[in-house]
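File shown: coords-v3.csv (CSV, C-alpha atoms and all ligand atoms).
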chain,number,residue,atom,x,y,z
W,28,MET,CA,-71.4,-32.4,12.9
W,29,ASN,CA,-68.9,-29.8,11.9
W,30,LYS,CA,-70.1,-26.2,12.3
W,31,LYS,CA,-70.1,-23.9,9.3
W,32,ILE,CA,-67.4,-21.3,9.1
W,33,ALA,CA,-67.9,-17.5,9.5
W,34,CYS,CA,-65.1,-15.2,8.8
W,35,THR,CA,-64.7,-11.4,8.5
W,36,GLY,CA,-62.1,-8.7,8.7
W,37,ILE,CA,-61.9,-5.0,9.7
W,38,LYS,CA,-59.4,-2.7,8.1
W,39,PRO,CA,-57.5,-0.7,10.8
W,40,THR,CA,-57.7,2.8,9.2
W,41,GLY,CA,-59.0,4.8,12.2
W,42,ALA,CA,-61.1,4.7,15.3
W,43,PRO,CA,-64.0,2.2,14.9
W,44,HIS,CA,-67.4,4.0,14.7
W,45,ILE,CA,-71.0,3.0,15.3
W,46,GLY,CA,-71.4,2.1,11.6
W,47,ASN,CA,-68.7,-0.6,12.0
W,48,TYR,CA,-70.4,-1.8,15.2
W,49,PHE,CA,-73.9,-2.3,13.8
W,50,GLY,CA,-72.8,-3.2,10.3
W,51,ALA,CA,-70.1,-5.8,11.1
W,52,ILE,CA,-69.1,-6.3,14.7
W,53,LYS,CA,-72.5,-6.9,16.2
W,54,PRO,CA,-73.8,-9.3,13.5
W,55,ALA,CA,-70.4,-11.1,13.5
W,56,LEU,CA,-70.6,-11.7,17.3
W,57,GLY,CA,-74.2,-12.9,16.9
W,58,LEU,CA,-72.9,-15.8,14.7
W,59,VAL,CA,-70.4,-17.1,17.2
W,60,LYS,CA,-72.8,-19.5,18.8
W,61,ASP,CA,-73.7,-21.4,15.6
W,62,TYR,CA,-70.5,-21.0,13.5
W,63,ASP,CA,-66.8,-21.6,13.9
W,64,ALA,CA,-65.7,-17.9,13.7
W,65,ARG,CA,-62.4,-16.4,12.4
W,66,TYR,CA,-62.3,-12.7,12.9
W,67,PHE,CA,-59.2,-10.7,11.9
W,68,ILE,CA,-57.7,-7.3,11.6
W,69,ALA,CA,-56.9,-6.6,7.9
W,70,ASP,CA,-53.6,-4.7,8.5
W,71,TYR,CA,-52.2,-5.4,5.0
W,72,HIS,CA,-55.3,-4.0,3.5
W,73,ALA,CA,-54.9,-0.9,5.6
W,74,LEU,CA,-51.2,-0.5,4.5
W,75,ASN,CA,-52.5,0.5,1.0
W,76,ALA,CA,-53.7,3.8,2.6
W,77,ILE,CA,-51.7,4.2,5.9
W,78,LYS,CA,-48.0,4.7,5.5
W,79,ASP,CA,-47.3,6.0,9.0
W,80,PRO,CA,-46.2,3.0,11.1
W,81,LYS,CA,-47.3,4.5,14.4
W,82,LYS,CA,-50.8,5.2,13.1
W,83,LEU,CA,-51.1,1.7,11.6
W,84,LYS,CA,-50.0,0.0,14.8
W,85,GLU,CA,-52.3,2.1,17.0
W,86,ALA,CA,-55.3,1.5,14.7
W,87,THR,CA,-54.6,-2.2,14.7
W,88,TYR,CA,-54.7,-2.3,18.5
W,89,GLU,CA,-57.8,-0.2,18.5
W,90,ILE,CA,-59.7,-2.7,16.3
W,91,ALA,CA,-58.5,-5.7,18.4
W,92,ALA,CA,-59.5,-3.9,21.6
W,93,THR,CA,-62.9,-3.1,20.0
W,94,TRP,CA,-63.6,-6.8,19.2
W,95,LEU,CA,-62.6,-7.8,22.7
W,96,ALA,CA,-64.5,-4.9,24.5
W,97,CYS,CA,-67.6,-5.8,22.5
W,98,GLY,CA,-67.6,-9.3,23.8
W,99,LEU,CA,-65.5,-11.5,21.5
W,100,ASP,CA,-64.2,-14.4,23.5
W,101,PRO,CA,-60.8,-15.4,22.2
W,102,GLU,CA,-61.3,-19.0,23.6
W,103,LYS,CA,-64.2,-19.4,21.2
W,104,VAL,CA,-63.2,-17.2,18.2
W,105,LEU,CA,-59.9,-17.1,16.3
W,106,LEU,CA,-58.8,-13.4,16.5
W,107,TYR,CA,-55.7,-12.5,14.7
W,108,ARG,CA,-53.9,-10.0,12.5
W,109,GLN,CA,-54.0,-10.8,8.8
W,110,SER,CA,-50.2,-10.2,8.5
W,111,GLN,CA,-49.6,-12.9,11.1
W,112,VAL,CA,-51.1,-15.6,8.9
W,113,PRO,CA,-48.8,-15.6,5.9
W,114,GLU,CA,-50.6,-18.6,4.3
W,115,THR,CA,-53.0,-15.8,3.2
W,116,PHE,CA,-50.4,-14.5,0.8
W,117,ASP,CA,-49.6,-17.9,-0.7
W,118,LEU,CA,-53.3,-18.2,-1.5
W,119,SER,CA,-53.5,-14.6,-2.7
W,120,THR,CA,-50.7,-15.4,-5.2
W,121,ILE,CA,-52.5,-18.5,-6.4
W,122,LEU,CA,-55.8,-16.6,-6.8
W,123,MET,CA,-54.1,-13.9,-8.8
W,124,ALA,CA,-53.6,-16.4,-11.6
W,125,PHE,CA,-57.3,-17.0,-11.8
W,126,THR,CA,-58.4,-13.3,-11.6
W,127,SER,CA,-58.8,-11.3,-14.7
W,128,LYS,CA,-57.6,-7.7,-14.7
W,129,GLY,CA,-61.0,-6.8,-16.1
W,130,LEU,CA,-62.7,-8.0,-13.0
W,131,MET,CA,-60.6,-5.7,-10.9
W,132,ASN,CA,-61.3,-2.8,-13.2
W,133,ARG,CA,-65.0,-3.2,-12.3
W,134,ALA,CA,-64.5,-2.9,-8.5
W,135,HIS,CA,-66.7,0.0,-7.2
W,136,ALA,CA,-64.0,1.3,-4.9
W,137,TYR,CA,-61.4,1.5,-7.7
W,138,LYS,CA,-63.9,2.9,-10.2
W,139,ALA,CA,-64.8,5.7,-7.8
W,140,ILE,CA,-61.1,6.8,-7.6
W,141,VAL,CA,-60.7,6.7,-11.4
W,142,GLN,CA,-63.9,8.8,-11.7
W,143,ALA,CA,-62.7,11.4,-9.2
W,144,ASN,CA,-59.3,11.6,-11.0
W,145,LYS,CA,-61.0,12.1,-14.3
W,146,GLU,CA,-63.2,14.9,-12.9
W,147,MET,CA,-60.1,16.6,-11.6
W,148,ASN,CA,-58.3,16.2,-14.9
W,149,LYS,CA,-55.7,13.9,-13.4
W,150,ASP,CA,-54.2,10.7,-14.7
W,151,GLN,CA,-56.9,8.2,-14.1
W,152,ASP,CA,-54.7,6.0,-12.0
W,153,ASP,CA,-53.3,8.8,-9.9
W,154,GLY,CA,-52.8,7.7,-6.3
W,155,VAL,CA,-53.7,4.1,-7.1
W,156,ASN,CA,-51.2,1.5,-5.9
W,157,MET,CA,-51.3,-2.2,-6.9
W,158,GLY,CA,-52.4,-3.2,-3.4
W,159,LEU,CA,-55.5,-1.0,-3.8
W,160,PHE,CA,-56.1,-2.3,-7.3
W,161,SER,CA,-55.9,-5.9,-6.4
W,162,TYR,CA,-57.6,-5.4,-3.0
W,163,PRO,CA,-60.4,-7.8,-3.8
W,164,VAL,CA,-58.0,-10.7,-4.5
W,165,LEU,CA,-56.4,-10.4,-1.0
W,166,MET,CA,-59.9,-10.1,0.5
W,167,ALA,CA,-60.9,-13.3,-1.4
W,168,ALA,CA,-57.8,-15.1,0.0
W,169,ASP,CA,-58.6,-14.0,3.6
W,170,VAL,CA,-61.9,-15.9,3.5
W,171,ILE,CA,-61.3,-18.7,1.1
W,172,LEU,CA,-58.3,-19.8,3.1
W,173,PHE,CA,-60.6,-21.0,5.9
W,174,ASP,CA,-63.3,-22.6,3.7
W,175,THR,CA,-65.5,-19.8,4.8
W,176,ASP,CA,-69.3,-20.3,4.3
W,177,VAL,CA,-70.5,-16.9,5.4
W,178,VAL,CA,-68.9,-13.4,5.6
W,179,PRO,CA,-70.8,-10.9,7.8
W,180,VAL,CA,-70.1,-7.5,6.2
W,181,GLY,CA,-71.8,-4.1,5.5
W,182,GLN,CA,-73.5,-3.5,2.2
W,183,ASP,CA,-70.4,-1.7,0.9
W,184,GLN,CA,-68.5,-4.9,0.7
W,185,ALA,CA,-71.1,-6.9,-1.2
W,186,GLN,CA,-69.4,-6.5,-4.6
W,187,HIS,CA,-66.0,-7.5,-3.2
W,188,LEU,CA,-67.6,-10.7,-2.0
W,189,GLU,CA,-69.2,-11.4,-5.3
W,190,MET,CA,-65.7,-11.2,-6.7
W,191,ALA,CA,-64.4,-13.6,-4.1
W,192,ALA,CA,-67.1,-16.1,-5.1
W,193,ASP,CA,-66.3,-15.6,-8.8
W,194,ILE,CA,-62.6,-16.2,-8.2
W,195,ALA,CA,-63.3,-19.4,-6.1
W,196,GLN,CA,-65.6,-20.7,-8.9
W,197,SER,CA,-62.9,-20.1,-11.6
W,198,VAL,CA,-60.5,-22.2,-9.6
W,199,ASN,CA,-63.0,-25.0,-9.0
W,200,HIS,CA,-64.0,-24.9,-12.7
W,201,ASN,CA,-60.4,-25.1,-13.9
W,202,TYR,CA,-59.6,-28.3,-11.9
W,203,GLY,CA,-63.1,-29.7,-12.3
W,204,LYS,CA,-63.6,-30.2,-8.5
W,205,GLN,CA,-64.7,-28.3,-5.4
W,206,LEU,CA,-61.2,-27.3,-4.2
W,207,LEU,CA,-62.5,-24.1,-2.7
W,208,THR,CA,-65.6,-23.3,-0.7
W,209,VAL,CA,-67.5,-20.4,-2.4
W,210,PRO,CA,-68.1,-17.8,0.3
W,211,GLN,CA,-71.5,-16.0,0.7
W,212,PRO,CA,-71.9,-12.5,2.1
W,213,LEU,CA,-74.2,-12.1,5.1
W,214,ILE,CA,-75.6,-8.5,5.0
W,215,GLN,CA,-77.6,-7.1,7.8
W,216,LYS,CA,-80.7,-5.7,6.1
W,217,SER,CA,-82.0,-3.7,9.1
W,218,THR,CA,-78.7,-1.9,9.6
W,219,HIS,CA,-78.0,-1.5,5.9
W,220,SER,CA,-76.9,2.0,6.4
W,221,VAL,CA,-76.1,3.6,9.7
W,222,ILE,CA,-76.7,7.4,9.1
W,223,GLY,CA,-73.8,9.8,9.7
W,224,LEU,CA,-73.9,13.3,11.3
W,225,ASP,CA,-74.8,14.9,8.0
W,226,GLY,CA,-77.6,12.4,7.0
W,227,ARG,CA,-75.4,10.6,4.5
W,228,LYS,CA,-74.3,7.0,5.1
W,229,MET,CA,-71.8,6.9,8.0
W,230,SER,CA,-68.3,6.5,6.5
W,231,LYS,CA,-64.8,7.5,7.4
W,232,SER,CA,-64.5,8.9,3.8
W,233,TYR,CA,-67.4,11.3,4.5
W,234,ASN,CA,-65.9,12.4,7.8
W,235,ASN,CA,-69.4,12.1,9.4
W,236,THR,CA,-68.8,9.2,11.9
W,237,ILE,CA,-69.6,8.9,15.5
W,238,PRO,CA,-66.7,6.9,17.0
W,239,LEU,CA,-67.7,4.1,19.4
W,240,PHE,CA,-65.6,4.9,22.3
W,241,LEU,CA,-65.5,8.7,22.6
W,242,GLU,CA,-65.3,10.2,26.1
W,243,PRO,CA,-68.8,11.5,27.2
W,244,LYS,CA,-68.0,15.2,26.7
W,245,LYS,CA,-66.8,14.7,23.2
W,246,LEU,CA,-69.6,12.3,22.4
W,247,ARG,CA,-72.1,15.0,23.5
W,248,LYS,CA,-70.4,17.7,21.4
W,249,LEU,CA,-70.5,15.5,18.3
W,250,ILE,CA,-74.2,14.5,18.8
W,251,MET,CA,-75.1,18.2,19.0
W,252,LYS,CA,-73.6,18.6,15.5
W,253,ILE,CA,-76.2,16.2,13.9
W,254,VAL,CA,-77.9,18.0,11.1
W,255,THR,CA,-81.6,18.7,11.5
W,256,ASN,CA,-84.2,20.8,9.7
W,257,SER,CA,-85.2,24.2,11.0
W,258,GLN,CA,-88.6,23.3,12.5
W,259,THR,CA,-89.6,25.2,15.6
W,260,VAL,CA,-90.0,23.6,19.1
W,261,GLU,CA,-93.8,23.8,18.8
W,262,GLU,CA,-94.1,22.0,15.5
W,263,PRO,CA,-94.9,18.3,15.4
W,264,LYS,CA,-91.9,16.4,13.9
W,265,ASN,CA,-91.4,13.3,11.8
W,266,PRO,CA,-89.1,10.7,13.5
W,267,ASP,CA,-88.7,8.7,10.2
W,268,THR,CA,-86.9,11.5,8.4
W,269,CYS,CA,-84.8,12.6,11.3
W,270,ASN,CA,-81.1,12.0,11.6
W,271,ILE,CA,-81.2,12.0,15.4
W,272,PHE,CA,-84.0,9.4,15.5
W,273,ALA,CA,-82.2,7.2,13.0
W,274,THR,CA,-79.3,6.8,15.5
W,275,TYR,CA,-81.7,6.7,18.5
W,276,LYS,CA,-83.4,3.6,17.0
W,277,LEU,CA,-80.2,1.7,17.0
W,278,PHE,CA,-79.7,1.9,20.7
W,279,ALA,CA,-83.3,2.1,22.0
W,280,SER,CA,-85.6,-0.6,23.1
W,281,GLU,CA,-89.0,-0.9,21.4
W,282,LYS,CA,-90.6,0.8,24.3
W,283,GLN,CA,-88.1,3.7,24.3
W,284,GLN,CA,-88.6,4.1,20.6
W,285,ALA,CA,-92.4,4.3,20.9
W,286,GLU,CA,-92.1,6.9,23.7
W,287,MET,CA,-89.7,9.0,21.6
W,288,ARG,CA,-92.0,8.8,18.5
W,289,LYS,CA,-94.9,10.2,20.6
W,290,LYS,CA,-92.7,13.1,21.7
W,291,TYR,CA,-91.8,13.9,18.1
W,292,LYS,CA,-95.4,13.7,16.9
W,293,ALA,CA,-96.9,15.7,19.8
W,294,GLY,CA,-94.9,18.9,19.1
W,295,GLY,CA,-93.3,20.9,21.9
W,296,MET,CA,-90.0,19.0,21.7
W,297,GLY,CA,-87.0,20.8,20.3
W,298,TRP,CA,-84.0,19.3,18.6
W,299,GLY,CA,-81.8,20.0,21.6
W,300,TYR,CA,-84.0,17.8,23.7
W,301,ALA,CA,-83.9,14.9,21.2
W,302,LYS,CA,-80.1,15.2,20.9
W,303,GLN,CA,-79.7,15.2,24.7
W,304,ALA,CA,-81.9,12.1,24.9
W,305,LEU,CA,-79.8,10.4,22.3
W,306,PHE,CA,-76.6,11.3,24.1
W,307,GLU,CA,-77.8,10.0,27.4
W,308,LEU,CA,-78.9,6.7,25.9
W,309,MET,CA,-75.7,6.2,23.9
W,310,ASP,CA,-73.5,7.1,26.8
W,311,GLU,CA,-75.3,4.8,29.2
W,312,THR,CA,-75.1,1.9,26.6
W,313,LEU,CA,-71.5,2.5,25.6
W,314,THR,CA,-69.8,3.3,28.9
W,315,PRO,CA,-69.2,-0.3,30.0
W,316,TYR,CA,-67.7,-1.1,26.6
W,317,ARG,CA,-65.6,2.0,26.6
W,318,GLU,CA,-64.2,1.2,30.0
W,319,LYS,CA,-63.2,-2.3,28.8
W,320,PHE,CA,-61.7,-0.8,25.7
W,321,ASN,CA,-59.6,1.8,27.7
W,322,THR,CA,-58.3,-0.9,30.0
W,323,LEU,CA,-57.3,-3.1,27.1
W,324,MET,CA,-55.6,-0.2,25.3
W,325,GLU,CA,-53.5,0.3,28.4
W,326,ASN,CA,-52.5,-3.4,28.3
W,327,LYS,CA,-51.2,-3.9,24.8
W,328,ASP,CA,-49.1,-6.9,25.8
W,329,LEU,CA,-52.3,-8.7,26.6
W,330,ILE,CA,-53.7,-7.8,23.1
W,331,ASP,CA,-50.4,-9.0,21.5
W,332,LYS,CA,-50.7,-12.3,23.4
W,333,ILE,CA,-54.3,-12.9,22.3
W,334,LEU,CA,-53.5,-12.0,18.7
W,335,THR,CA,-50.4,-14.3,18.6
W,336,GLU,CA,-52.3,-17.2,20.1
W,337,GLY,CA,-55.1,-16.6,17.6
W,338,SER,CA,-52.7,-16.6,14.7
W,339,ILE,CA,-51.0,-19.9,15.8
W,340,LYS,CA,-54.4,-21.6,15.8
W,341,ALA,CA,-55.4,-20.0,12.5
W,342,ARG,CA,-52.1,-21.0,10.9
W,343,LYS,CA,-52.6,-24.7,11.8
W,344,ILE,CA,-55.8,-24.7,9.8
W,345,ALA,CA,-54.5,-22.5,7.0
W,346,SER,CA,-51.3,-24.4,6.4
W,347,ARG,CA,-53.2,-27.7,5.9
W,348,LYS,CA,-55.4,-25.9,3.3
W,349,ILE,CA,-52.3,-24.5,1.5
W,350,LEU,CA,-50.5,-27.8,1.4
W,351,PHE,CA,-53.6,-29.5,0.0
W,352,LEU,CA,-54.0,-26.8,-2.7
W,353,LYS,CA,-50.3,-26.8,-3.7
W,354,LYS,CA,-50.5,-30.5,-4.3
W,355,GLU,CA,-53.7,-30.1,-6.4
W,356,ILE,CA,-52.3,-27.3,-8.6
W,357,GLY,CA,-48.9,-29.0,-9.2
W,358,VAL,CA,-46.5,-26.9,-7.1
W,359,ALA,CA,-45.9,-29.4,-4.3
W,401,LIG,N1,-62.6,-4.7,2.9
W,401,LIG,C1,-63.1,-4.7,4.2
W,401,LIG,C2,-63.5,-3.3,4.6
W,401,LIG,O1,-62.9,-2.4,4.1
W,401,LIG,C3,-62.1,-5.3,5.2
W,401,LIG,C4,-61.8,-6.7,4.8
W,401,LIG,C5,-60.6,-7.2,4.4
W,401,LIG,C6,-62.7,-7.9,4.8
W,401,LIG,N2,-60.6,-8.5,4.2
W,401,LIG,C7,-61.9,-9.0,4.4
W,401,LIG,C8,-64.0,-8.0,5.2
W,401,LIG,C9,-62.4,-10.3,4.3
W,401,LIG,C10,-64.6,-9.3,5.1
W,401,LIG,C11,-63.8,-10.4,4.6
W,401,LIG,O2,-64.3,-3.1,5.5
Structure re-expressed in structure tokens:
Amino acid sequence: MNKKIACTGIKPTGAPHIGNYFGAIKPALGLVKDYDARYFIADYHALNAIKDPKKLKEATYEIAATWLACGLDPEKVLLYRQSQVPETFDLSTILMAFTSKGLMNRAHAYKAIVQANKEMNKDQDDGVNMGLFSYPVLMAADVILFDTDVVPVGQDQAQHLEMAADIAQSVNHNYGKQLLTVPQPLIQKSTHSVIGLDGRKMSKSYNNTIPLFLEPKKLRKLIMKIVTNSQTVEEPKNPDTCNIFATYKLFASEKQQAEMRKKYKAGGMGWGYAKQALFELMDETLTPYREKFNTLMENKDLIDKILTEGSIKARKIASRKILFLKKEIGVA
């Protein structure tokens, strides 16, 4: 029997952080056993925001090296750059014809920018390029191209995927047949929100992230910046409202969690101690991954080779789908 298809992308807009890891990378790698997986680097999505070629290129390598360092096996998973699979853009053009402008107006990400512009008395579309406005269409094309069944993503991408499903359904409805597979998001409930340094959701836009592959000294320095309350060392503390413990939980075994909870509740433990414990656990867990990541970043030819091979395999599948669709819609 054919396996179901899992597909997801990460936008190369900066160093990947632990929110990316627990929200997208780890769940995606967990699907590899049971699904045919296609995981890519959404470089054209990043272009909407990053206009510096060196930065875009470096960030693209960083995402590829992250997937590989975290255990993605390119023999089993198609790993590629979105820009290397141009069939995506054929499909995106087709989907544009089935996407109402009103749907795009309702996208949370776009609406947030409009709102911010209004608050600053700017033109409501200030700083919005067409790539950003039609971002959900390209994202729909990314996944629909491969007849994707499930898309492992963080909660913040849920609405984009509802839109992708809407668009696929409009196409199917128009032609009266199931031309496109309607994708479903797969959202990790337990890691809904990885908490950032300041206690808000971890996000590059809040500048509160902990990058995955920081050198130990820098990692320690960042962990020491986690915001806590002003309880004294003696006071018993509540782990469930603590930003340090929120991150500790992600890395700790059940046993380690239980032991740390006891220390919180007993009193006599200061925030400095909890931060040091978090640092030691994270450093121990992440060091082998960081070493692989660093080795890969020094061997960009190897990354290029893997991505190119991935894109060749991906295009074989994608070009069949596009030819099929073109015939169905009357342009081939
Ligand atoms: N929009 C996603 C993000 O910002 C990245 C992305 C692009 C994506 N295309 C996708 C995710 C397709 C899942 C499927 O994180």
Minimum-distance residue to W:Glu102, chosen among W:Pro54, W:Gly226, W:Pro243, W:Gly337 (using only C-alpha atoms): W:Gly337
Which residues of chain W sit at most 8 Å from ligand LIG 401 (chain W), using all atoms listed in the file? Give each one's shortest atom pair and distance in Å (one decimal place), in chain and ascending residue order, as CSV.
residue,atom,partner,partner_atom,distance
W:Cys34,CA,W:LIG401,C11,6.5
W:Thr35,CA,W:LIG401,C10,4.0
W:Gly36,CA,W:LIG401,C6,4.0
W:Ile37,CA,W:LIG401,C3,4.5
W:Lys38,CA,W:LIG401,C3,4.7
W:Ile68,CA,W:LIG401,C5,7.8
W:Ala69,CA,W:LIG401,C5,5.1
W:His72,CA,W:LIG401,C5,6.3
W:Tyr162,CA,W:LIG401,N1,7.8
W:Pro163,CA,W:LIG401,N1,7.7
W:Leu165,CA,W:LIG401,N2,6.9
W:Met166,CA,W:LIG401,N2,4.1
W:Ala167,CA,W:LIG401,C9,6.6
W:Ala168,CA,W:LIG401,C9,7.9
W:Asp169,CA,W:LIG401,C9,5.3
W:Val170,CA,W:LIG401,C9,5.7
W:Val178,CA,W:LIG401,C10,6.0
W:Pro179,CA,W:LIG401,C10,6.9
W:Val180,CA,W:LIG401,C10,5.9
W:Gly181,CA,W:LIG401,O2,7.6
W:Asp183,CA,W:LIG401,O2,7.8
W:Gln184,CA,W:LIG401,N1,6.3
W:His187,CA,W:LIG401,N1,7.5
W:Leu188,CA,W:LIG401,C11,7.6
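By chain and then residue number, the residues within 10 Å of W:Asn201 are Phe125, Gln196, Leu206 and Ile356 of chain W, counting only C-alpha atoms and disregarding those fewer than 5 positions away in sequence.
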Between atom CA of W:Ile194 and atom CA of W:Arg347 - distance in Å to one decimal: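 So the two atoms, atom CA of W:Arg347 and atom CA of W:Ile194, lie 20.5 Å apart.
Distance check against W:Ala191 using all atoms listed in the file: of W:Gly158, W:Pro80, W:Gly50, W:Pro212, the minimum falls on W:Pro212.
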Minimum-distance residue to W:Lys31, chosen among W:Asp79, W:Asp176, W:Asp152, W:Glu89 (using all atoms listed in the file):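 Between W:Asp79, W:Asp176, W:Asp152, W:Glu89, the residue approaching W:Lys31 most closely is W:Asp176.
The space between atom CA of W:Leu308 and atom CA of W:Thr40 spans 27.3 Å.
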Neighbour list for W:Gln186 as a ChimeraX atom specification, cut-off 8 Å, only C-alpha atoms, skip fewer than 4 positions in-chain: /W:134-135,190
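Of the listed residues W:Ala143, W:Val221, W:Leu159, W:Leu249, the one whose atoms come nearest to W:Gln303 is W:Leu249, with distances taken using only C-alpha atoms.
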Among the residues W:Tyr88, W:Lys78, W:Ala42, W:Ala96, the one that comes closest to W:Asp328 [using all atoms listed in the file]: W:Tyr88
Selection: 12 Å around W:Ala124, all atoms listed in the file, excl. self and same-chain fewer than 4 positions, as a PyMOL selection string: chain W and resi 117-120+128+161+164+194-195+197-198+201+356
Stretch 230-235 of chain W environment, 10 Å, only C-alpha atoms, sequence neighbours closer than 5 positions dropped, as a list in words: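 Non-adjacent residues within range: Thr40, Gly41, Ala42, Pro43, His44, Ile45, Gly46, Asn47, Ser220, Val221, Ile222, Gly223, Leu224, Asp225, Leu249, Lys252 and Ile253 of chain W.
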Which of W:Lys348, W:Arg247, W:Lys354, W:Lys289 sits closest to W:Asp310 [using only C-alpha atoms]: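 Answer, going by the shortest atom-to-atom distance: W:Arg247.
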Spatial neighbours of stretch 254-263 of chain W, max dist 8 Å, only C-alpha atoms, sep filter under 5 positions, as an NGL selection string: :W and (224-226 or 269-271 or 291-298)
Coordinates-based distance that separates atom CA of W:Leu334 from atom CA of W:Thr93 (Å, one decimal):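 Computing it gives 13.0 Å between the two atoms.
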Neighbours of point (-63.2, 8.6, -7.6) within 12 Å, using all atoms listed in the file, written as a VMD selection string: chain W and resid 134 to 155 232
